[in-house]
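J.: Here's a structure for you.
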2 protein chains.
Amino acid sequence: MRDVAVVGVGMTRFGKLPEKSIKDLVRESVTAAMEHAGAKIADLDAAYVGNAAAGIMTGQEQIRAQVTLSAMGIEAIPMYNVENACASSSTAFHLAWTAVAAGLYDCVLVCGFEKLFDENKQKSFMALGTAVDVEMVAKFLEDFAKQQKTESILSKDSGKKKSIFMDMYAYYTRQYMDRYNLTQEHFAKIAVKSHKNGALNPHAQYQKEVTLEEVLNSGDVAFPLTRMMCSPIGDGAAAAILCSKEKAAQFTNRPVWVSASVVGSGKPSSGLDDTLTKRLGPKAFAMAGIGPDELSLIEVHDATSPSEIITLIELGICPGEKAPAWIDNGVMETDGAMPTNTSGGLASKGHPIGATGMGQIHEIILQLRGEAGPRQVKNPKVGMTHNGGGILGVDAAAMALHIFKN
Amino acid sequence: MRDVAVVGVGMTRFGKLPEKSIKDLVRESVTAAMEHAGAKIADLDAAYVGNAAAGIMTGQEQIRAQVTLSAMGIEAIPMYNVENACASSSTAFHLAWTAVAAGLYDCVLVCGFEKLFDENKQKSFMALGTAVDVEMVAKFLEDFAKQQKTESILSKDSGKKKSIFMDMYAYYTRQYMDRYNLTQEHFAKIAVKSHKNGALNPHAQYQKEVTLEEVLNSGDVAFPLTRMMCSPIGDGAAAAILCSKEKAAQFTNRPVWVSASVVGSGKPSSGLDDTLTKRLGPKAFAMAGIGPDELSLIEVHDATSPSEIITLIELGICPGEKAPAWIDNGVMETDGAMPTNTSGGLASKGHPIGATGMGQIHEIILQLRGEAGPRQVKNPKVGMTHNGGGILGVDAAAMALHIFKN
């Protein structure tokens, strides 16, 4: 397989952007990525576009890439419409990488976009709710509630919320609290760190620092989660240009190389000790030929703040018993030993689901090029992205992991 | 890029199957493909699943592969959810081919499925209607009606039908009638041939021969189309197993090789003389290293019967001026010089949109293996599939062409 480089990235600000259409979002992110790369439309051999919820939110299904890209004059080239829940656009990136690595194309565009915000919040929740096997989840929750006589996985008003995601995350988090002496305050500290990073990121949905007290008092979602630990609903798009080695040399002398690209799916039969992150992590490290200790920084899928530390544990980056000390000692801060979610992460940068994976990649590419401004990690060499999506049993339904090197 | 072989195919019967869920359809087709190949679940490295309308028809978006495949015990492997309108599953096949050709996987599953029939016909039409850029098509039709003062592209009651597809096909067909002396009777003859082939195909939605008079009198849709010239609404699934050369040898001594796999997208600015089929055909023939005259048989996207001959013209297989004679002389019959849609095609085998592309591939693989029973073409060497989808301007939005060799 051929070496593949990222030669440019671009994104919109994430946030509630009711004035922007899906065409606007795609145009803005793709134009930025092409300008960053110095690429023209004629350079593009193909386009891979990830989206999760446009069908429900805007009525546009089936040919979302063609509709959005042709509106900005990108037409006739092969276009691939990819879904994989919240991992849609990192899956699109993986498919683009595969094609360039195969030798099929020399220069391709990847874009992830989402318009998830709606005045009617139930519509957004309904869109999120299609990332599960509705039939199976209903049965699972019923069975689970029976087994756990003292505690239901569902919080009292989950029926009203019409989204089971936060209840699932909370349940999952409580297992980790028991196992590794993690407290609600630890997770609040992570949220404080996320918002601190987000405040330095002009593309973040939230750009305001918050205090520990503000996080703890921001409103209960499902113990131990409070509102400020949860990723918000929002819109946005992010894009990248991928090239073969030869083609990359035409655009930049600062290519960032894709050293691992792996996709995996959930296992409905698996439990908390056999998750997709645990299974997929070793494959990514093996493909990149590095150990977890060789990472300079990582963007993880913190749909809720506790997921940051849980993911670091599951990837073998942070030993579980050291998790409380890592948080207390600021190891995951931008100037710490394992900078995590320097972008602000999903909790602060935002989580327009089909754009999230490409948003993570955007951050890692900027960091590895030394272009991350006030949140720049010092001299990073290797960055990773961890992007999960959907629910299957207690597992993530979909996941894509990427490792990048200078 | 590595050689890639198809080692097994399977499909459900296409048709109105209200008793079957999307999980049932996927299970049935995938089980058949695995049995045909002699493959087990443990052999599968990844799965590529094409679907177009399950979001609207069943409410399941985002993780359709994971939901349907895990229900039959296929889990944890990488799964890719692919949309490309009526070309969804042939696009999934192309992505699977890319990955095996790249060396990323050795054995992968491809499946296309659709549940499009509903007692409420308007729901099916609404699902079909998401394969256009709604915004743009509305404007285009308005502009077009103004230019064409003597004739509107829309038939009188198209508003009621809530689907512009048949009007678009009819308009398109009328241009070809003028240009090449084709008549409504010619198209009726194609429909008679399709139904004759479908009657020999146990997987076809319609398995009954029809007469020329029956086709002509089956009810006007939009001149020159009559009802029996139009593909029906239906459900179904079709699947295939793809392998590297080394892996294929473990399964079969009758591999069928993928000698071309190309995907293209529409060009809203293009006209009838610069269509996606015209642009993409030469790329497929170049990749396969053959000319159109070297094909033994072809399955084309006959959403309506006239599209059969129009596609043969646009692909350079039939010279336009010879089109009436080709039809009159039975050139496209199973025992003719260019057997076309031996399966019955979309018009007779059926058109469950996300399954259609894989249904075409299913037919070509059976034919090349000599397993097509009473509709077997004599000693075929090279087969092609042509699968289009959606509308962008007057162009198809998406398309995948494949060429297979023994």
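Here, A, B, ... name the chains of the structure tokens in the order displayed, residue numbers run from 1 inside each chain, and ligands are numbered from 1 in the same displayed order.
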Mind running chain A against chain B at 7 Å and telling me each contacting residue's nearest atom pair with the distance in Å (one decimal), counting only C-alpha atoms, chain and number ascending, as CSV?
T.:
residue,atom,partner,partner_atom,distance
A:Met1,CA,B:Ala102,CA,6.0
A:Ala52,CA,B:Gln62,CA,5.6
A:Gly59,CA,B:Thr130,CA,6.8
A:Gln60,CA,B:Thr130,CA,5.7
A:Glu61,CA,B:Thr130,CA,5.3
A:Gln62,CA,B:Ala85,CA,4.7
A:Ile63,CA,B:Asn84,CA,5.5
A:Gln66,CA,B:Ala397,CA,6.7
A:Val67,CA,B:Asp133,CA,5.6
A:Glu75,CA,B:Lys267,CA,5.2
A:Ala76,CA,B:Ser265,CA,4.6
A:Ile77,CA,B:Gly264,CA,5.6
A:Pro78,CA,B:Gly264,CA,4.0
A:Met79,CA,B:Ser265,CA,6.1
A:Tyr80,CA,B:Asn84,CA,6.9
A:Asn81,CA,B:Glu83,CA,5.1
A:Val82,CA,B:Val82,CA,4.9
A:Glu83,CA,B:Asn81,CA,5.1
A:Asn84,CA,B:Gln62,CA,5.2
A:Ala85,CA,B:Gln62,CA,4.7
A:Thr98,CA,B:Ala99,CA,6.2
A:Ala99,CA,B:Thr98,CA,6.2
A:Ala101,CA,B:Ala102,CA,6.6
A:Ala102,CA,B:Ala102,CA,4.0
A:Gly103,CA,B:Met1,CA,6.8
A:Thr130,CA,B:Glu61,CA,5.4
A:Ala131,CA,B:Gln62,CA,5.5
A:Asp133,CA,B:Val67,CA,5.6
A:Val263,CA,B:Pro78,CA,5.2
A:Gly264,CA,B:Pro78,CA,4.1
A:Ser265,CA,B:Ala76,CA,4.6
A:Gly266,CA,B:Ala76,CA,4.9
A:Lys267,CA,B:Ala76,CA,5.0
A:Ala397,CA,B:Gln66,CA,6.7
J.: If DSSP is run on the backbone, what residues of stretch 106-297 of chain B are alpha helix (DSSP H)? A reply as a ChimeraX atom specification would be ideal.
T.: /B:121-128,134-147,158-161,165-180,184-198,212-216,245-251,276-288
J.: At a cut-off of 9 Å, using only C-alpha atoms, what residues contact A:Phe251? Leave out same-chain residues fewer than 5 positions from it and give the result as a compact mmCIF listing (two decimals) with N, CA and C atoms, in the first residue's frame.
T.:
# COMPACT_ATOMS: atom_id res chain seq x y z
N VAL A 7 -2.50 17.01 3.15
CA VAL A 7 -1.79 18.22 2.73
C VAL A 7 -2.57 19.49 3.05
N GLY A 8 -3.78 19.33 3.58
CA GLY A 8 -4.54 20.52 3.95
C GLY A 8 -5.81 20.16 4.69
N ALA A 37 -4.30 23.64 1.49
CA ALA A 37 -3.43 22.75 0.70
C ALA A 37 -2.84 23.46 -0.50
N GLY A 38 -3.49 24.53 -0.95
CA GLY A 38 -3.10 25.13 -2.21
C GLY A 38 -3.61 24.32 -3.40
N ALA A 39 -4.71 23.60 -3.19
CA ALA A 39 -5.26 22.73 -4.24
C ALA A 39 -6.40 23.43 -4.97
J.: Which one is closest to B:Val6: B:Asp328, B:Asp106, B:Asp220, B:Glu333? Count only C-alpha atoms.
T.: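 Checking each candidate against B:Val6, we get B:Asp106 as the closest.
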J.: Considering only C-alpha atoms, state which residue in the set A:Gly373, A:Gly383, A:Pro255, A:Gly291 is at the smallest distance from A:Ile241.
T.: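 The closest residue to A:Ile241 is A:Pro255.
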J.: Which residue is closest to B:Asp274? Choose from B:Ala396, B:Gly370, B:Ala188, B:Glu363 and count only C-alpha atoms.
T.: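 Result for the nearest residue to B:Asp274: B:Ala396.
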J.: From the list A:Ala325, A:Cys243, A:Met166, A:Leu25, which residue is nearest A:Leu44 when using only C-alpha atoms?
T.: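 Closest residue, counting only C-alpha atoms: A:Cys243.
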J.: With a distance cut-off of 7 Å and only C-alpha atoms, select the neighbouring residues of B:Ser348, excluding the residue or stretch itself and same-chain residues fewer than 2 positions from it, and output the selection as a PyMOL selection string.
T.: chain B and resi 194-195+198+204-206+231+344-346+350
J.: Neighbouring residues of B:Ser218 were defined as those with any atom within 12 Å, considering only C-alpha atoms; residues of the same chain fewer than 5 positions away were excluded. Please report them as a list of chain:residue names.
T.: B:Ala188, B:Ala191, B:Val210, B:Thr211, B:Leu212, B:Glu213, B:Pro224, B:Leu225, B:Thr226, B:Arg227, B:Met228, B:Met229, B:Cys230
J.: Save out the residues we just selected, N, CA and C atoms, as an mmCIF file, in the first residue's frame.
T.:
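What landed in selection.cif:
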data_model
loop_
_atom_site.group_PDB
_atom_site.id
_atom_site.type_symbol
_atom_site.label_atom_id
_atom_site.label_comp_id
_atom_site.auth_asym_id
_atom_site.auth_seq_id
_atom_site.Cartn_x
_atom_site.Cartn_y
_atom_site.Cartn_z
ATOM 1 N N ALA B 188 -41.642 -1.117 -26.418
ATOM 2 C CA ALA B 188 -42.528 -2.202 -25.961
ATOM 3 C C ALA B 188 -41.886 -3.559 -26.244
ATOM 4 N N ALA B 191 -39.533 -4.304 -23.544
ATOM 5 C CA ALA B 191 -40.244 -4.740 -22.336
ATOM 6 C C ALA B 191 -40.700 -6.201 -22.458
ATOM 7 N N VAL B 210 -45.203 -11.352 -21.242
ATOM 8 C CA VAL B 210 -46.265 -10.431 -21.661
ATOM 9 C C VAL B 210 -46.169 -10.227 -23.169
ATOM 10 N N THR B 211 -47.266 -9.823 -23.779
ATOM 11 C CA THR B 211 -47.269 -9.589 -25.229
ATOM 12 C C THR B 211 -47.052 -8.106 -25.522
ATOM 13 N N LEU B 212 -46.737 -7.834 -26.793
ATOM 14 C CA LEU B 212 -46.536 -6.455 -27.229
ATOM 15 C C LEU B 212 -47.781 -5.611 -26.934
ATOM 16 N N GLU B 213 -48.942 -6.189 -27.209
ATOM 17 C CA GLU B 213 -50.191 -5.457 -27.001
ATOM 18 C C GLU B 213 -50.397 -5.178 -25.514
ATOM 19 N N PRO B 224 -43.193 8.215 -24.010
ATOM 20 C CA PRO B 224 -43.794 6.988 -24.547
ATOM 21 C C PRO B 224 -43.889 5.838 -23.542
ATOM 22 N N LEU B 225 -43.685 6.135 -22.276
ATOM 23 C CA LEU B 225 -43.650 5.074 -21.269
ATOM 24 C C LEU B 225 -45.040 4.560 -20.925
ATOM 25 N N THR B 226 -45.162 3.242 -20.916
ATOM 26 C CA THR B 226 -46.368 2.632 -20.359
ATOM 27 C C THR B 226 -45.960 1.882 -19.090
ATOM 28 N N ARG B 227 -46.940 1.485 -18.337
ATOM 29 C CA ARG B 227 -46.672 0.906 -17.031
ATOM 30 C C ARG B 227 -45.715 -0.284 -17.096
ATOM 31 N N MET B 228 -45.908 -1.174 -18.077
ATOM 32 C CA MET B 228 -45.069 -2.380 -18.152
ATOM 33 C C MET B 228 -43.644 -2.089 -18.627
ATOM 34 N N MET B 229 -43.384 -0.843 -19.016
ATOM 35 C CA MET B 229 -42.003 -0.457 -19.359
ATOM 36 C C MET B 229 -41.270 0.090 -18.138
ATOM 37 N N CYS B 230 -41.960 0.228 -17.011
ATOM 38 C CA CYS B 230 -41.367 0.886 -15.838
ATOM 39 C C CYS B 230 -41.056 -0.126 -14.736
#
J.: Give the answer as one residue: which of B:Gln207, B:Ser296, B:Gln122, B:Thr31 has the shortest atom-to-atom distance to B:Val192, using only C-alpha atoms?
T.: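 Distance minimum relative to B:Val192 lands on B:Gln207.
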J.: Between atom CA of B:Ile164 and atom CA of B:Ser90, what distance in Å does the model show, to one decimal?
T.: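 Those two atoms sit 23.4 Å apart.
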J.: For atom CA of B:Ser261 and atom CA of B:Met287, quote the distance in Å rounded to one decimal.
T.: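 Interatomic distance here is 7.8 Å.
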J.: If we count only C-alpha atoms, what is near B:Leu182 at a cut-off of 12 Å, once residues fewer than 6 positions away on the same chain are taken out, given as a PyMOL selection string?
T.: chain B and resi 173-176+188-190+224+306+309-310+320-328
J.: Quick one: of B:Glu35, B:Glu314, B:Asp178, B:Glu294, who's nearest to B:Ala337, counting only C-alpha atoms?
T.: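 That would be B:Glu294, the residue with the smallest distance to B:Ala337.
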